[in-house]
Structure formats: C-alpha cells, structure tokens
$ cat target-v1.tsv   # TSV, C-alpha atoms
chain	number	residue	atom	x	y	z
A	14	MET	CA	-26.02	1.71	-19.31
A	15	LYS	CA	-23.18	4.16	-18.77
A	16	LEU	CA	-22.19	2.37	-15.55
A	17	SER	CA	-22.02	-0.96	-17.39
A	18	LYS	CA	-19.74	0.53	-20.02
A	19	LYS	CA	-17.45	1.94	-17.33
A	20	ILE	CA	-17.22	-1.44	-15.59
A	21	LEU	CA	-16.40	-3.18	-18.87
A	22	ALA	CA	-13.72	-0.60	-19.63
A	23	VAL	CA	-12.09	-1.12	-16.23
A	24	LEU	CA	-12.14	-4.91	-16.65
A	25	ALA	CA	-10.55	-4.59	-20.07
A	26	LEU	CA	-7.71	-2.52	-18.60
A	27	LEU	CA	-6.98	-4.87	-15.68
A	28	PRO	CA	-4.56	-7.21	-17.55
A	29	GLY	CA	-2.56	-4.22	-18.74
A	30	LEU	CA	-2.46	-2.75	-15.24
A	31	VAL	CA	-1.27	-6.03	-13.73
A	32	PHE	CA	1.67	-6.34	-16.11
A	33	ALA	CA	2.33	-2.65	-16.65
A	34	ASN	CA	5.50	-2.71	-14.56
A	35	GLU	CA	6.94	-5.75	-16.30
A	36	GLY	CA	9.10	-5.85	-19.37
A	37	THR	CA	8.66	-7.66	-22.66
A	38	PHE	CA	11.59	-10.04	-22.26
A	39	PRO	CA	10.89	-13.29	-24.18
A	40	LEU	CA	10.09	-16.24	-21.96
A	41	ASP	CA	12.02	-19.51	-22.11
A	42	HIS	CA	10.08	-22.76	-22.08
A	43	ALA	CA	10.26	-24.45	-18.67
A	44	PRO	CA	11.45	-28.07	-18.91
A	45	GLU	CA	9.01	-30.78	-17.85
A	46	ARG	CA	10.28	-32.04	-14.48
A	47	ASN	CA	7.38	-34.03	-13.02
A	48	ASP	CA	9.18	-37.06	-11.62
A	49	VAL	CA	9.08	-37.53	-7.86
A	50	ALA	CA	12.82	-36.89	-7.34
A	51	SER	CA	12.61	-33.51	-9.13
A	52	LEU	CA	9.52	-32.45	-7.18
A	53	GLN	CA	11.13	-33.46	-3.88
A	54	ASN	CA	14.23	-31.43	-4.76
A	55	GLY	CA	11.99	-28.52	-5.76
A	56	ALA	CA	10.21	-28.70	-2.40
A	57	LYS	CA	13.56	-28.56	-0.61
A	58	LEU	CA	14.63	-25.52	-2.64
A	59	PHE	CA	11.28	-23.83	-2.03
A	60	VAL	CA	11.51	-24.25	1.74
A	61	ASN	CA	15.15	-23.15	1.88
A	62	TYR	CA	15.08	-20.18	-0.49
A	63	CYS	CA	11.48	-19.00	-0.97
A	64	LEU	CA	9.69	-19.66	2.31
A	65	ASN	CA	11.77	-17.08	4.18
A	66	CYS	CA	9.92	-14.12	2.65
A	67	HIS	CA	7.07	-15.69	0.67
A	68	SER	CA	4.28	-17.78	2.14
A	69	ALA	CA	2.21	-20.53	0.55
A	70	SER	CA	-0.82	-20.23	2.80
A	71	ALA	CA	-2.99	-22.62	0.75
A	72	MET	CA	-0.49	-25.47	1.17
A	73	ARG	CA	0.13	-27.74	4.17
A	74	TYR	CA	3.46	-29.42	4.85
A	75	ASN	CA	1.80	-32.82	5.20
A	76	ARG	CA	0.58	-32.60	1.59
A	77	LEU	CA	4.20	-33.36	0.66
A	78	ARG	CA	3.38	-36.97	1.50
A	79	ASP	CA	1.93	-37.06	-2.02
A	80	LEU	CA	5.53	-36.67	-3.23
A	81	GLY	CA	6.65	-39.79	-1.39
A	82	LEU	CA	7.92	-38.08	1.76
A	83	SER	CA	7.09	-39.49	5.16
A	84	GLU	CA	6.06	-37.26	8.07
A	85	ASP	CA	9.44	-37.92	9.70
A	86	GLN	CA	11.28	-36.82	6.54
A	87	ILE	CA	9.16	-33.67	6.35
A	88	ARG	CA	9.72	-32.93	10.04
A	89	ASN	CA	13.48	-33.57	9.99
A	90	ASN	CA	14.35	-31.97	6.65
A	91	LEU	CA	11.80	-29.23	5.94
A	92	LEU	CA	10.69	-27.84	9.30
A	93	PHE	CA	13.15	-25.50	11.02
A	94	SER	CA	11.13	-23.13	13.24
A	95	GLY	CA	8.94	-25.34	15.35
A	96	GLU	CA	6.16	-25.80	12.80
A	97	LYS	CA	4.01	-28.90	12.86
A	98	VAL	CA	3.63	-31.24	9.91
A	99	GLY	CA	-0.05	-30.30	9.58
A	100	ASP	CA	0.61	-26.53	9.54
A	101	MET	CA	0.17	-24.24	6.57
A	102	MET	CA	3.31	-22.96	4.81
A	103	THR	CA	3.23	-19.49	6.31
A	104	ILE	CA	5.98	-17.13	7.46
A	105	ALA	CA	6.52	-15.04	10.58
A	106	MET	CA	7.32	-11.81	8.74
A	107	ARG	CA	4.56	-9.24	9.05
A	108	PRO	CA	3.28	-7.53	5.86
A	109	ALA	CA	4.11	-4.09	7.33
A	110	ASP	CA	7.73	-5.11	7.90
A	111	ALA	CA	7.97	-6.59	4.40
A	112	LYS	CA	6.64	-3.33	2.94
A	113	ALA	CA	9.24	-1.33	4.87
A	114	TRP	CA	12.16	-3.59	4.01
A	115	PHE	CA	11.43	-4.43	0.36
A	116	GLY	CA	9.09	-1.64	-0.73
A	117	ALA	CA	6.40	-4.23	-1.52
A	118	VAL	CA	4.80	-7.18	0.23
A	119	PRO	CA	6.13	-10.46	-1.25
A	120	PRO	CA	3.19	-12.26	-2.89
A	121	ASP	CA	1.84	-15.57	-1.66
A	122	LEU	CA	3.18	-18.34	-3.92
A	123	SER	CA	0.42	-20.92	-3.50
A	124	VAL	CA	-0.93	-20.48	-7.03
A	125	ILE	CA	1.75	-18.23	-8.54
A	126	THR	CA	2.18	-20.40	-11.64
A	127	ARG	CA	-1.49	-19.91	-12.49
A	128	ALA	CA	-1.43	-16.21	-11.67
A	129	ARG	CA	1.52	-15.58	-13.99
A	130	ALA	CA	0.21	-17.43	-17.04
A	131	SER	CA	-0.33	-15.14	-20.02
A	132	GLY	CA	-0.29	-15.05	-23.78
A	133	ALA	CA	3.51	-14.89	-23.66
A	134	GLY	CA	3.75	-18.30	-21.97
A	135	SER	CA	2.67	-20.41	-19.05
A	136	GLY	CA	3.23	-19.44	-15.43
A	137	ALA	CA	6.01	-22.04	-15.28
A	138	ASP	CA	7.71	-20.38	-18.29
A	139	TYR	CA	7.44	-17.01	-16.56
A	140	LEU	CA	9.00	-18.21	-13.29
A	141	TYR	CA	11.69	-20.26	-15.04
A	142	THR	CA	12.82	-17.23	-17.05
A	143	TYR	CA	12.42	-14.79	-14.16
A	144	LEU	CA	14.56	-16.78	-11.70
A	145	ARG	CA	17.34	-17.17	-14.29
A	146	THR	CA	17.61	-13.55	-15.45
A	147	PHE	CA	18.77	-11.67	-12.36
A	148	TYR	CA	21.86	-9.52	-12.77
A	149	LYS	CA	23.98	-7.22	-10.63
A	150	ASP	CA	22.81	-3.61	-10.64
A	151	ASP	CA	24.35	-1.30	-8.05
A	152	ALA	CA	21.77	1.37	-8.84
A	153	ARG	CA	19.04	-0.74	-7.24
A	154	PRO	CA	18.45	-0.77	-3.45
A	155	THR	CA	18.96	-4.55	-3.28
A	156	GLY	CA	21.91	-4.49	-5.69
A	157	TRP	CA	20.02	-6.69	-8.18
A	158	ASN	CA	17.79	-6.24	-11.19
A	159	ASN	CA	15.89	-8.55	-13.49
A	160	MET	CA	15.22	-8.75	-17.22
A	161	VAL	CA	11.66	-10.08	-16.90
A	162	VAL	CA	10.63	-7.58	-14.19
A	163	PRO	CA	12.77	-4.43	-14.55
A	164	ASN	CA	13.46	-2.61	-11.26
A	165	VAL	CA	12.22	-5.60	-9.29
A	166	ALA	CA	12.13	-5.24	-5.49
A	167	MET	CA	13.14	-8.85	-4.88
A	168	PRO	CA	16.85	-9.62	-4.41
A	169	HIS	CA	18.51	-12.54	-6.17
A	170	VAL	CA	18.11	-15.20	-3.47
A	171	LEU	CA	19.81	-17.86	-5.62
A	172	TRP	CA	22.93	-15.83	-6.38
A	173	GLN	CA	25.25	-18.13	-4.43
A	174	LEU	CA	24.19	-20.98	-6.69
A	175	GLN	CA	24.31	-19.03	-9.96
A	176	GLY	CA	27.09	-16.58	-9.18
A	177	VAL	CA	27.21	-12.88	-9.98
A	178	ARG	CA	26.38	-11.68	-13.50
A	179	THR	CA	26.07	-8.35	-15.20
A	180	VAL	CA	24.05	-7.54	-18.28
A	181	LYS	CA	25.52	-6.57	-21.65
A	182	MET	CA	23.65	-3.99	-23.73
A	183	VAL	CA	24.33	-2.75	-27.27
A	184	GLU	CA	23.18	0.51	-28.82
A	185	GLU	CA	21.04	0.24	-31.95
A	186	ASP	CA	18.87	2.50	-34.08
A	187	ASP	CA	15.28	2.76	-32.89
A	188	PRO	CA	13.12	1.10	-35.60
A	189	HIS	CA	10.16	3.27	-34.61
A	190	GLU	CA	11.83	6.68	-34.47
A	191	HIS	CA	14.46	7.86	-36.96
A	192	GLY	CA	17.69	9.16	-35.45
A	193	LYS	CA	17.01	7.76	-31.99
A	194	LYS	CA	19.18	5.13	-30.32
A	195	VAL	CA	17.95	2.35	-28.06
A	196	HIS	CA	19.78	-0.12	-25.86
A	197	LYS	CA	19.18	-3.77	-26.64
A	198	PHE	CA	19.95	-6.79	-24.47
A	199	ALA	CA	23.01	-8.69	-25.71
A	200	GLY	CA	23.45	-11.35	-23.06
A	201	PHE	CA	24.94	-11.78	-19.61
A	202	GLU	CA	28.54	-11.61	-18.48
A	203	GLN	CA	29.68	-13.83	-15.61
A	204	VAL	CA	31.56	-11.78	-13.00
A	205	SER	CA	32.10	-14.51	-10.42
A	206	LYS	CA	31.26	-18.19	-10.45
A	207	GLY	CA	28.59	-19.73	-8.29
A	208	GLN	CA	28.39	-23.11	-6.62
A	209	LEU	CA	26.79	-24.59	-9.76
A	210	THR	CA	27.46	-24.46	-13.46
A	211	GLN	CA	24.82	-22.69	-15.56
A	212	GLN	CA	23.40	-26.03	-16.72
A	213	GLU	CA	23.20	-27.32	-13.14
A	214	PHE	CA	21.59	-24.07	-12.02
A	215	ASP	CA	18.99	-24.27	-14.79
A	216	THR	CA	18.13	-27.81	-13.65
A	217	GLN	CA	17.70	-26.67	-10.05
A	218	VAL	CA	15.43	-23.81	-11.14
A	219	ALA	CA	13.43	-26.21	-13.30
A	220	ASP	CA	12.89	-28.45	-10.24
A	221	LEU	CA	11.82	-25.45	-8.14
A	222	VAL	CA	9.37	-24.26	-10.79
A	223	ALA	CA	8.02	-27.79	-11.24
A	224	TYR	CA	7.30	-27.96	-7.52
A	225	MET	CA	5.51	-24.60	-7.54
A	226	ASN	CA	3.48	-25.77	-10.53
A	227	TRP	CA	2.55	-28.94	-8.60
A	228	MET	CA	1.78	-26.91	-5.47
A	229	ALA	CA	-0.75	-24.80	-7.39
A	230	GLU	CA	-2.86	-27.97	-7.79
A	231	PRO	CA	-1.49	-31.03	-5.98
A	232	ALA	CA	-4.41	-33.14	-7.20
A	233	GLN	CA	-3.91	-32.31	-10.87
A	234	ASP	CA	-2.61	-35.80	-11.76
A	235	LEU	CA	-5.66	-37.39	-10.11
A	236	ARG	CA	-7.93	-34.91	-11.90
A	237	LYS	CA	-6.41	-35.84	-15.26
A	238	ARG	CA	-6.77	-39.58	-14.58
A	239	LEU	CA	-10.38	-39.13	-13.48
A	240	GLY	CA	-11.02	-37.01	-16.56
A	241	ALA	CA	-9.79	-39.80	-18.83
A	242	ILE	CA	-11.98	-42.34	-17.00
A	243	VAL	CA	-15.04	-40.09	-17.27
A	244	LEU	CA	-14.49	-39.52	-21.00
A	245	LEU	CA	-14.11	-43.27	-21.55
A	246	PHE	CA	-17.33	-43.91	-19.62
A	247	LEU	CA	-19.20	-41.28	-21.63
A	248	ALA	CA	-17.91	-42.78	-24.88
A	249	CYS	CA	-19.13	-46.25	-23.84
A	250	PHE	CA	-22.46	-44.83	-22.68
A	251	ALA	CA	-22.90	-42.94	-25.96
A	252	PHE	CA	-22.24	-46.14	-27.92
A	253	LEU	CA	-24.79	-48.12	-25.87
A	254	ALA	CA	-27.35	-45.32	-26.18
A	255	TRP	CA	-26.81	-45.24	-29.96
A	256	ARG	CA	-27.31	-49.00	-30.30
A	257	LEU	CA	-30.33	-48.94	-27.97
A	258	ASN	CA	-31.87	-46.15	-30.03
A	259	ALA	CA	-31.30	-48.13	-33.23
A	260	SER	CA	-32.84	-51.27	-31.69
A	261	TYR	CA	-35.87	-49.35	-30.40
A	262	TRP	CA	-36.68	-47.68	-33.69
A	263	LYS	CA	-35.89	-50.49	-36.13
A	264	ASP	CA	-39.48	-51.85	-36.11
A	265	VAL	CA	-41.10	-48.43	-36.11
A	266	LYS	CA	-42.25	-47.38	-39.55
$ encode --input "target-v1.tsv" --output "structure tokens"
Amino acid sequence: MKLSKKILAVLALLPGLVFANEGTFPLDHAPERNDVASLQNGAKLFVNYCLNCHSASAMRYNRLRDLGLSEDQIRNNLLFSGEKVGDMMTIAMRPADAKAWFGAVPPDLSVITRARASGAGSGADYLYTYLRTFYKDDARPTGWNNMVVPNVAMPHVLWQLQGVRTVKMVEEDDPHEHGKKVHKFAGFEQVSKGQLTQQEFDTQVADLVAYMNWMAEPAQDLRKRLGAIVLLFLACFAFLAWRLNASYWKDVK
C-alpha cells in the first residue's frame, strides 16, 4: 500500500518536474496554416533551420509526398548530405557532442507539438510563442535567451530572419510581498532589422509550426475523415436498429 502511494505521488509530480525550468510567459495562439503551400514552406524551413541539430526520427522524407511534393522535388530541394528519399529525418551529430556543445541534447521533434501541449495552450501555441520570443542576452553562453524558456540552451537559429532584439523590463511592486520590487516584461526593442518584417516573420514561424504539427501525425486528416464516416455509419445503423426493434415488438403484447 505504501509503495502504491509513493508511485502515485511521483506520477503527480512529473508534470511539474517537466516544466519546472520553464517560465509562465503567456502563450500566443498559433494561426491555422493547413494549406499545402504553407506546409510545404514549413517543411523547407524545418529542413534548413531545425534539422541541423534536431532530428525527426519518426518521419521519412518520402512522407512529404503527402504534401504534394514529388520525389525529385524532395531530392533536389530538401536533401543536402547524400540522404535517400526513403531515409528517416535523422542528423549526424552525436548526442555526446550535442551535450558538450549545447549543455543539453536537442530533443527529437517528431511529436514535439504533442509533447508540449498543456493547460496553457496547445503544442502549436507553445512553439509559435517560443520561436518568436528570443532576445539578445550577452550573459548567456549562446548570446540568446527566451521568454518562454528562461536560460534556454538553444540559440536563436532564426535571428537573421527576425533580426536582433533586446527585452525591456520595468520595475513594479511585488503584489505578494510588501516592499519588494519585481521586474516585469514590457516588450521587445528592435536593435537591428532582419531579412523579414515582424509580420512576415510571424507568418514564416506559423508555417514552420504548422508543418511540425502535421509531422506529429501526417495521417490526421485521413483519421478525421474516417471518423466522420464511422459516426455517420453508426448513426444510420442506430436508426435502422431502432426501427427494426419497433417493428419486431409492435405485435408483442
């Protein structure tokens, strides 16, 4: 009995342990970008900016045919290191090297949108906010920090697109402790411009997040269509069963 209670206590603490190192920054709602053009652009961004350090070992390149890409398009535009179209989206970097260089092994991104879903928002909301809230911080080893994940080990890989920003903080009274001051986020300040405007950058991030959301379950559209068909069948079957039951029992007294 005592062992069962201990196991239940550990399981109850797991969500808190997973997110213990993350802040409480409010999440923005990720735009719905499920058209083929957006998903294709998201795939291109993923391969160019994410697949250098992160893998997606549950995803094959040839699955991108579901997004309207031919094998030649995949081979010519998304494969750069001799991979084959049927290969998994893995990387050459060894976990030990990643640990030494970044202080942590970059997580596999195959189902990251599902892993990051919480009561604060969906996994897409989390990633959309996270990728848009990097700022310059010379106190960090990489030179970057993040509002969603304070003291993050990951550098801002999209900084050339977004530009360089710093964070603005204001000092306010602590509502929980009299006489104490706290620093509150007051926005970002653009230090140097990037290749894109903020609106264009947000659109690119939305495409990238939409692709990662699709990658977590490429068959989700088929699943939803099949679900609707199954529910329609069950509704028809229930109606027929109801009428058959009424016909069977109408002469029974």
$ closest_residue --input "target-v1.tsv" --among "A:Val177, A:Leu91, A:Ala248, A:Leu239" --to "Val204 in chain A" --atoms "only C-alpha atoms"
A:Val177
$ residues_around --input "target-v1.tsv" --residues "Phe201 in chain A" --least-positions-apart "6" --cutoff "7 Å" --atoms "all atoms listed in the file" --output "PDB file with C-alpha atoms, in the coordinates of the input"
ATOM      1  CA  ARG A 178      26.380 -11.680 -13.500  1.00  0.00           C
ATOM      2  CA  THR A 179      26.070  -8.350 -15.200  1.00  0.00           C
ATOM      3  CA  VAL A 180      24.050  -7.540 -18.280  1.00  0.00           C
ATOM      4  CA  LYS A 181      25.520  -6.570 -21.650  1.00  0.00           C
TER       5      LYS A 181
END
$ atom_distance --input "target-v1.tsv" --atom1 "CA of Phe93 in chain A" --atom2 "CA of His67 in chain A"
15.5 Å
$ closest_residue --input "target-v1.tsv" --among "A:Leu58, A:Val161, A:Ala152, A:Leu52" --to "Leu174 in chain A" --atoms "all atoms listed in the file"
A:Leu58
$ atom_distance --input "target-v1.tsv" --atom1 "CA of Thr216 in chain A" --atom2 "CA of Gly156 in chain A"
24.9 Å
$ atom_distance --input "target-v1.tsv" --atom1 "CA of Glu96 in chain A" --atom2 "CA of Tyr74 in chain A"
9.1 Å
$ residues_near_point --input "target-v1.tsv" --point "(10.3, -4.2, 2.6)" --cutoff "12 Å" --atoms "all atoms listed in the file" --output "VMD selection string"
chain A and resid 66 106 to 119 154 to 155 166 to 168
$ residues_near_point --input "target-v1.tsv" --point "(12.1, -29.7, -13.5)" --cutoff "7 Å" --atoms "all atoms listed in the file" --output "ChimeraX atom specification"
/A:44-47,51,216,219-223
$ residues_around --input "target-v1.tsv" --residues "Ala137 in chain A" --least-positions-apart "5" --cutoff "9 Å" --atoms "only C-alpha atoms" --output "list of chain:residue names"
A:His42, A:Ala43, A:Pro44, A:Ile125, A:Thr126, A:Arg127, A:Arg129, A:Ala130, A:Thr142, A:Ala219, A:Val222, A:Ala223, A:Met225, A:Asn226
$ residues_around --input "target-v1.tsv" --residues "Ile87 in chain A" --least-positions-apart "2" --cutoff "12 Å" --atoms "only C-alpha atoms" --output "list in words"
Gln53, Ala56, Lys57, Val60, Arg73, Tyr74, Asn75, Arg76, Leu77, Arg78, Asp79, Leu80, Gly81, Leu82, Ser83, Glu84, Asp85, Asn89, Asn90, Leu91, Leu92, Phe93, Glu96, Lys97, Val98, Gly99 and Asp100 of chain A
$ closest_residue --input "target-v1.tsv" --among "A:Asp41, A:Glu230, A:Leu171, A:Phe214" --to "Phe59 in chain A" --atoms "only C-alpha atoms"
A:Leu171
$ closest_atom_pairs --input "target-v1.tsv" --of "range 191-252 of chain A" --to "range 182-186 of chain A" --cutoff "6 Å" --atoms "only C-alpha atoms" --output "JSON lines"
{"residue": "A:Lys193", "atom": "CA", "partner": "A:Asp186", "partner_atom": "CA", "distance": 6.0}
{"residue": "A:Lys194", "atom": "CA", "partner": "A:Asp186", "partner_atom": "CA", "distance": 4.6}
{"residue": "A:Val195", "atom": "CA", "partner": "A:Glu185", "partner_atom": "CA", "distance": 5.4}
{"residue": "A:His196", "atom": "CA", "partner": "A:Glu184", "partner_atom": "CA", "distance": 4.6}
{"residue": "A:Lys197", "atom": "CA", "partner": "A:Val183", "partner_atom": "CA", "distance": 5.3}
{"residue": "A:Phe198", "atom": "CA", "partner": "A:Met182", "partner_atom": "CA", "distance": 4.7}
{"residue": "A:Ala199", "atom": "CA", "partner": "A:Met182", "partner_atom": "CA", "distance": 5.1}
$ axis_aligned_box --input "target-v1.tsv" --around "range 55-72 of chain A" --padding-each-side "3 Å" --output "lines of an AutoDock Vina configuration file"
center_x = 6.1
center_y = -21.4
center_z = -0.8
size_x = 24.1
size_y = 20.6
size_z = 15.9
$ closest_residue --input "target-v1.tsv" --among "A:Ala71, A:Gln203, A:Lys263, A:Asn54" --to "Thr103 in chain A" --atoms "only C-alpha atoms"
A:Ala71
$ decode --input "target-v1.tsv" --residues "range 225-237 of chain A" --atoms "all heavy atoms" --output "compact mmCIF listing (two decimals), in the first residue's frame"
# COMPACT_ATOMS: atom_id res chain seq x y z
N MET A 225 5.31 21.18 -38.28
CA MET A 225 5.64 20.29 -37.16
C MET A 225 4.39 19.67 -36.56
O MET A 225 4.42 18.53 -36.08
CB MET A 225 6.45 21.06 -36.11
CG MET A 225 7.87 21.34 -36.54
SD MET A 225 8.96 21.88 -35.19
CE MET A 225 8.45 23.60 -35.06
N ASN A 226 3.29 20.42 -36.59
CA ASN A 226 2.03 19.87 -36.11
C ASN A 226 1.54 18.77 -37.05
O ASN A 226 1.05 17.72 -36.60
CB ASN A 226 0.98 20.98 -36.03
CG ASN A 226 -0.26 20.55 -35.27
OD1 ASN A 226 -0.18 19.97 -34.20
ND2 ASN A 226 -1.41 20.83 -35.84
N TRP A 227 1.71 18.97 -38.35
CA TRP A 227 1.36 17.93 -39.34
C TRP A 227 2.28 16.73 -39.18
O TRP A 227 1.82 15.58 -39.25
CB TRP A 227 1.47 18.51 -40.75
CG TRP A 227 1.27 17.50 -41.83
CD1 TRP A 227 0.09 17.09 -42.37
CD2 TRP A 227 2.30 16.74 -42.50
NE1 TRP A 227 0.30 16.13 -43.33
CE2 TRP A 227 1.65 15.89 -43.43
CE3 TRP A 227 3.69 16.70 -42.41
CZ2 TRP A 227 2.36 15.02 -44.26
CZ3 TRP A 227 4.40 15.83 -43.22
CH2 TRP A 227 3.73 15.01 -44.14
N MET A 228 3.56 16.96 -38.98
CA MET A 228 4.54 15.89 -38.86
C MET A 228 4.24 14.98 -37.67
O MET A 228 4.53 13.78 -37.69
CB MET A 228 5.95 16.49 -38.72
CG MET A 228 7.06 15.47 -38.62
SD MET A 228 8.71 16.21 -38.63
CE MET A 228 8.63 17.20 -37.12
N ALA A 229 3.66 15.53 -36.61
CA ALA A 229 3.35 14.72 -35.43
C ALA A 229 2.33 13.64 -35.74
O ALA A 229 2.30 12.60 -35.08
CB ALA A 229 2.85 15.62 -34.30
N GLU A 230 1.50 13.88 -36.76
CA GLU A 230 0.52 12.87 -37.21
C GLU A 230 0.14 13.17 -38.65
O GLU A 230 -0.88 13.81 -38.91
CB GLU A 230 -0.73 12.86 -36.32
CG GLU A 230 -1.65 11.70 -36.63
CD GLU A 230 -2.97 11.76 -35.88
OE1 GLU A 230 -3.14 12.66 -35.05
OE2 GLU A 230 -3.81 10.90 -36.13
N PRO A 231 0.95 12.70 -39.61
CA PRO A 231 0.66 13.01 -41.01
C PRO A 231 -0.69 12.51 -41.49
O PRO A 231 -1.27 13.05 -42.43
CB PRO A 231 1.80 12.30 -41.76
CG PRO A 231 2.90 12.19 -40.76
CD PRO A 231 2.21 11.99 -39.44
N ALA A 232 -1.22 11.48 -40.84
CA ALA A 232 -2.50 10.89 -41.28
C ALA A 232 -3.69 11.50 -40.54
O ALA A 232 -4.79 10.94 -40.60
CB ALA A 232 -2.47 9.38 -41.07
N GLN A 233 -3.50 12.62 -39.85
CA GLN A 233 -4.58 13.14 -39.04
C GLN A 233 -5.79 13.57 -39.86
O GLN A 233 -6.94 13.41 -39.42
CB GLN A 233 -4.10 14.31 -38.17
CG GLN A 233 -3.52 15.48 -38.93
CD GLN A 233 -2.99 16.55 -38.00
OE1 GLN A 233 -3.75 17.18 -37.26
NE2 GLN A 233 -1.68 16.75 -38.00
N ASP A 234 -5.58 14.10 -41.08
CA ASP A 234 -6.72 14.49 -41.92
C ASP A 234 -7.52 13.26 -42.34
O ASP A 234 -8.76 13.27 -42.34
CB ASP A 234 -6.23 15.25 -43.16
CG ASP A 234 -5.70 16.63 -42.81
OD1 ASP A 234 -6.10 17.16 -41.75
OD2 ASP A 234 -4.90 17.18 -43.59
N LEU A 235 -6.80 12.16 -42.70
CA LEU A 235 -7.48 10.92 -43.04
C LEU A 235 -8.23 10.37 -41.84
O LEU A 235 -9.37 9.88 -41.97
CB LEU A 235 -6.46 9.90 -43.55
CG LEU A 235 -7.00 8.50 -43.85
CD1 LEU A 235 -8.05 8.56 -44.95
CD2 LEU A 235 -5.85 7.56 -44.24
N ARG A 236 -7.61 10.45 -40.67
CA ARG A 236 -8.27 9.95 -39.44
C ARG A 236 -9.57 10.71 -39.19
O ARG A 236 -10.59 10.12 -38.83
CB ARG A 236 -7.33 10.11 -38.25
CG ARG A 236 -7.97 9.81 -36.90
CD ARG A 236 -6.97 9.89 -35.77
NE ARG A 236 -6.32 11.18 -35.69
CZ ARG A 236 -6.87 12.27 -35.14
NH1 ARG A 236 -8.11 12.21 -34.63
NH2 ARG A 236 -6.20 13.40 -35.07
N LYS A 237 -9.53 12.03 -39.38
CA LYS A 237 -10.73 12.83 -39.14
C LYS A 237 -11.83 12.50 -40.15
O LYS A 237 -13.01 12.43 -39.80
CB LYS A 237 -10.37 14.31 -39.19
CG LYS A 237 -9.48 14.77 -38.04
CD LYS A 237 -9.05 16.20 -38.20
CE LYS A 237 -8.12 16.63 -37.07
NZ LYS A 237 -7.65 18.03 -37.24
